[in-house]
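What follows is a single structure, written as structure tokens, with notes after it.
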Amino acid sequence: MGERLRRLHALARAHAGVAVLAMLFLWPPIHMGLARQYHFSTWRYGGFGMYAAPDAGDREVHILVSSCPAIEAAGEPTSTSHDRHLGFYHRIGVRGVTPLFLPRLDEAEKLALAAVVKNIRSLARPADFERLADWVDARLFEGRPPALIGVFLSDPHLDRHATLAYSDLWGFVREGGQWTTLGTLRARAAVEAMQRRAEACP
Amino acid sequence: MTRPLFGASTGEVGRWLRSAVDPITFAWFRRMFLGKLVLFDVLALMRRGPANKEALLETGIAAVCLAFSETRRGLHVSAAILLLLKVTEIVGSFPFTINHAFFDAALLLVLACGYDERDGRGLHPVRVAQAGILIVFFHAGLQKVVHGYYTDGQWLTLRTLYHDGDMGGRLRRLLRAVGQQAGLPLPLAGAAPRSSGLAEAPVNLPLWAWGALRRTSNVVWMAEAGLPLLALHPVLRSAAVLGLLILEVGIVGLTGEISFGFTVIACLLVFFPRVTRWASPVAMVLLAIVAAQWKR
């Protein structure tokens, strides 16, 4: 046992430094590719991409819903700065994009919802997008899912004309129980596509 | 056969990586690095209160490890225990672990494994720390270009405009000071309310400030990606590392990233073995004072 430990220690002593340097050299470019592919925050998973892109707190989560029946305007719209941690909810309809109102939430539900939104902002895992959509189904539509729902993650951008926009969207659209990944899209195109579908409502 | 590598050669870089390290330089490196771990445990204990048994135990263990690390055998055991604590912290905070914790864990791993100059195998922990920090800087600079927020100053501008945290406040104060000196129109006094939703919103920032942030951004990514490459060349190494030190002091001052700043400065100071014995303790004291002020 003692001899085996000594041999293990000698092995670690001989190779630990090179292994650490190899990991430091190889992991960040892999991380960079994965972060771009799967949209998780560059501040996570040890890729040394902190300060390279907006961190989770700067990213926004949007829910776009197109539903043919009118939605009760009870509670508060989330498109106000104090509710940023809960994400933004919009209704797509013939009048364009309008805020979707949230029911009043108790503290526990607020915390649970904020945790899902935080997960999406940091990790962008598909399961969290679905969880948020399920929550919208249950709380805003009482278990009768809207025809079309899109859950998006977006990063802020400043363009050369000095305007701020949340233009790069990534997320999922669910239609008839089927989820589709939209990939990286220009926001306007995604919103317009959803709007065209909403306008087809009877 | 050696191949050119940014003016140096892979053979030269390999020889440098395998070269001997002055024991005093090594001693000050590990005191500064392990001392940082203890300092941040102490600060966490002060924040959480001495009644917090978990924090008290962790601080006590870390302090004992720091003391025992002064002996050869004690260093490996102490580093292994601190590595265990760090791994516990990483597992506990995963997947929201800050990236710096992984670098700290890597350094603790090489300290725990140790190095024996008599058998001539492996790399000295100080050389791993030096090469490691150059790699981290290089990748950090590269990522800033690839993610597209630096070449036109977007990242710093977003912070300046919309962040009411420390960094946004410091950037605004800096810009206002520059504007006042030069008689230029002044940017916002505070963080602007950020537009929400999917609508576009105009940005209220004078052009000169936008330009200054763009130039600063470009200097940052160029220095981060370029200076580590220059540091591979033996003739340019000291100047390049000095540049990185200045950059890091600026980063600490602006971002408040004092914990990682401590590690980075510990790794960079060992490039100057002649001054390590006084520069490291001075840096330790100064950084500890700043950390105590900011993290209390």
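By convention in this document, the chains of the structure tokens carry letters A, B, ... by their order, each chain's residues are numbered from 1, and ligands are numbered from 1 in the order they are shown.
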Residues of chain A within 7 Å of chain B, using only C-alpha atoms, as an mmCIF file with N, CA and C atoms, in the first residue's frame?
```cif
data_model
loop_
_atom_site.group_PDB
_atom_site.id
_atom_site.type_symbol
_atom_site.label_atom_id
_atom_site.label_comp_id
_atom_site.auth_asym_id
_atom_site.auth_seq_id
_atom_site.Cartn_x
_atom_site.Cartn_y
_atom_site.Cartn_z
ATOM 1 N N HIS A 9 2.374 9.023 -6.029
ATOM 2 C CA HIS A 9 2.835 10.373 -5.753
ATOM 3 C C HIS A 9 3.929 10.779 -6.739
ATOM 4 N N ALA A 12 2.268 11.595 -9.994
ATOM 5 C CA ALA A 12 1.594 12.902 -9.936
ATOM 6 C C ALA A 12 2.623 14.018 -9.970
ATOM 7 N N ARG A 13 3.724 13.827 -9.229
ATOM 8 C CA ARG A 13 4.776 14.854 -9.163
ATOM 9 C C ARG A 13 5.378 15.089 -10.546
ATOM 10 N N ALA A 14 5.501 14.012 -11.310
ATOM 11 C CA ALA A 14 6.138 14.121 -12.627
ATOM 12 C C ALA A 14 5.211 14.757 -13.657
ATOM 13 N N HIS A 15 3.908 14.547 -13.505
ATOM 14 C CA HIS A 15 3.008 14.968 -14.596
ATOM 15 C C HIS A 15 1.982 16.039 -14.241
ATOM 16 N N ALA A 16 1.814 16.356 -12.956
ATOM 17 C CA ALA A 16 0.746 17.295 -12.571
ATOM 18 C C ALA A 16 0.913 18.657 -13.243
ATOM 19 N N GLY A 17 2.123 19.181 -13.245
ATOM 20 C CA GLY A 17 2.373 20.506 -13.811
ATOM 21 C C GLY A 17 2.008 20.571 -15.275
ATOM 22 N N VAL A 18 2.486 19.571 -16.036
ATOM 23 C CA VAL A 18 2.207 19.547 -17.475
ATOM 24 C C VAL A 18 0.701 19.373 -17.707
ATOM 25 N N VAL A 20 -1.766 20.293 -15.742
ATOM 26 C CA VAL A 20 -2.459 21.550 -15.416
ATOM 27 C C VAL A 20 -2.293 22.554 -16.557
ATOM 28 N N LEU A 21 -1.067 22.680 -17.066
ATOM 29 C CA LEU A 21 -0.844 23.635 -18.162
ATOM 30 C C LEU A 21 -1.611 23.222 -19.422
ATOM 31 N N LEU A 24 -5.203 24.189 -18.874
ATOM 32 C CA LEU A 24 -5.380 25.647 -18.977
ATOM 33 C C LEU A 24 -5.306 26.098 -20.433
ATOM 34 N N PHE A 25 -4.494 25.399 -21.218
ATOM 35 C CA PHE A 25 -4.325 25.786 -22.610
ATOM 36 C C PHE A 25 -5.482 25.303 -23.482
ATOM 37 N N PRO A 28 -10.052 26.572 -22.359
ATOM 38 C CA PRO A 28 -10.711 27.827 -22.759
ATOM 39 C C PRO A 28 -11.180 27.867 -24.216
ATOM 40 N N TRP A 43 -19.021 33.372 -18.090
ATOM 41 C CA TRP A 43 -18.500 33.489 -16.721
ATOM 42 C C TRP A 43 -18.582 32.156 -15.986
ATOM 43 N N ARG A 44 -19.110 31.144 -16.621
ATOM 44 C CA ARG A 44 -19.309 29.854 -15.947
ATOM 45 C C ARG A 44 -18.416 28.774 -16.549
ATOM 46 N N TYR A 45 -18.219 27.720 -15.803
ATOM 47 C CA TYR A 45 -17.515 26.499 -16.233
ATOM 48 C C TYR A 45 -16.008 26.686 -16.481
ATOM 49 N N GLY A 46 -15.396 27.647 -15.821
ATOM 50 C CA GLY A 46 -13.936 27.722 -15.809
ATOM 51 C C GLY A 46 -13.245 27.992 -17.128
ATOM 52 N N GLY A 47 -13.867 28.787 -17.992
ATOM 53 C CA GLY A 47 -13.237 29.037 -19.291
ATOM 54 C C GLY A 47 -12.473 30.343 -19.377
ATOM 55 N N PHE A 48 -12.397 31.088 -18.278
ATOM 56 C CA PHE A 48 -11.696 32.375 -18.222
ATOM 57 C C PHE A 48 -12.234 33.377 -19.250
ATOM 58 N N GLY A 49 -13.559 33.318 -19.461
ATOM 59 C CA GLY A 49 -14.175 34.285 -20.371
ATOM 60 C C GLY A 49 -14.892 35.385 -19.600
ATOM 61 N N ALA A 52 -15.532 39.039 -20.879
ATOM 62 C CA ALA A 52 -15.456 39.008 -22.344
ATOM 63 C C ALA A 52 -16.830 39.252 -22.958
ATOM 64 N N ALA A 53 -17.855 38.864 -22.242
ATOM 65 C CA ALA A 53 -19.231 39.045 -22.719
ATOM 66 C C ALA A 53 -20.086 39.403 -21.507
ATOM 67 N N SER A 79 -42.443 44.037 -17.746
ATOM 68 C CA SER A 79 -41.513 44.889 -18.480
ATOM 69 C C SER A 79 -41.195 46.166 -17.713
ATOM 70 N N THR A 80 -40.879 46.004 -16.458
ATOM 71 C CA THR A 80 -40.422 47.133 -15.649
ATOM 72 C C THR A 80 -39.153 46.689 -14.969
ATOM 73 N N SER A 81 -38.296 47.655 -14.694
ATOM 74 C CA SER A 81 -36.942 47.288 -14.267
ATOM 75 C C SER A 81 -36.933 46.480 -12.971
ATOM 76 N N PHE A 88 -38.995 38.712 -18.774
ATOM 77 C CA PHE A 88 -39.978 39.574 -19.425
ATOM 78 C C PHE A 88 -40.984 38.734 -20.193
ATOM 79 N N LEU A 158 -24.816 47.134 -28.290
ATOM 80 C CA LEU A 158 -24.862 48.547 -28.668
ATOM 81 C C LEU A 158 -24.411 48.614 -30.111
ATOM 82 N N ALA A 162 -25.482 54.010 -31.789
ATOM 83 C CA ALA A 162 -25.690 54.308 -30.372
ATOM 84 C C ALA A 162 -27.088 53.967 -29.886
ATOM 85 N N THR A 163 -27.544 52.794 -30.254
ATOM 86 C CA THR A 163 -28.800 52.317 -29.680
ATOM 87 C C THR A 163 -28.545 50.989 -28.985
ATOM 88 N N LEU A 164 -29.315 50.784 -27.929
ATOM 89 C CA LEU A 164 -29.203 49.536 -27.179
ATOM 90 C C LEU A 164 -30.312 48.607 -27.655
ATOM 91 N N ALA A 165 -29.943 47.385 -27.937
ATOM 92 C CA ALA A 165 -30.967 46.429 -28.381
ATOM 93 C C ALA A 165 -30.617 45.043 -27.869
ATOM 94 N N TYR A 166 -31.652 44.268 -27.654
ATOM 95 C CA TYR A 166 -31.433 42.871 -27.264
ATOM 96 C C TYR A 166 -31.674 42.040 -28.518
#
```
- Task: Might you pull out every residue within 12 Å of Val173 of chain A, with only C-alpha atoms counted and same-chain residues fewer than 6 positions away left off, and present them as JSON, numbers by chain?
- Result: {"A": [62, 63, 64, 65, 66, 126, 129, 130, 133, 146, 147, 148, 149, 150, 151, 152, 153, 179, 180, 181, 182, 183, 190, 191, 193, 194]}
Go through segment 96-157 of chain A and flag each residue having an atom no more than 12 Å from segment 32-37 of chain A; for those, report the closest pair of atoms plus their distance in Å to one decimal, using only C-alpha atoms, ordered by chain and rising number, as CSV.
```
residue,atom,partner,partner_atom,distance
A:Ser122,CA,A:Ala35,CA,10.5
A:Leu123,CA,A:Ala35,CA,9.2
A:Ala124,CA,A:Ala35,CA,9.6
A:Arg125,CA,A:Ala35,CA,11.5
A:Asp155,CA,A:Arg36,CA,12.0
```
- Query: Quick one: distance from atom CA of Arg47 of chain B to atom CA of Thr88 of chain B in Å, one decimal?
  - Reply: 20.0 Å
- Message: Ranking B:Leu227, B:Pro234, B:Met222, B:Val290 by minimum distance to Thr10 of chain B and counting only C-alpha atoms, which one comes first?
- Response: B:Pro234
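Around segment 27-43 of chain B, within 6 Å and counting only C-alpha atoms, the residues found are B:Thr59, B:Ala62, B:Ala63, B:Thr263, B:Ala266, once anything fewer than 5 positions away on its own chain is removed.
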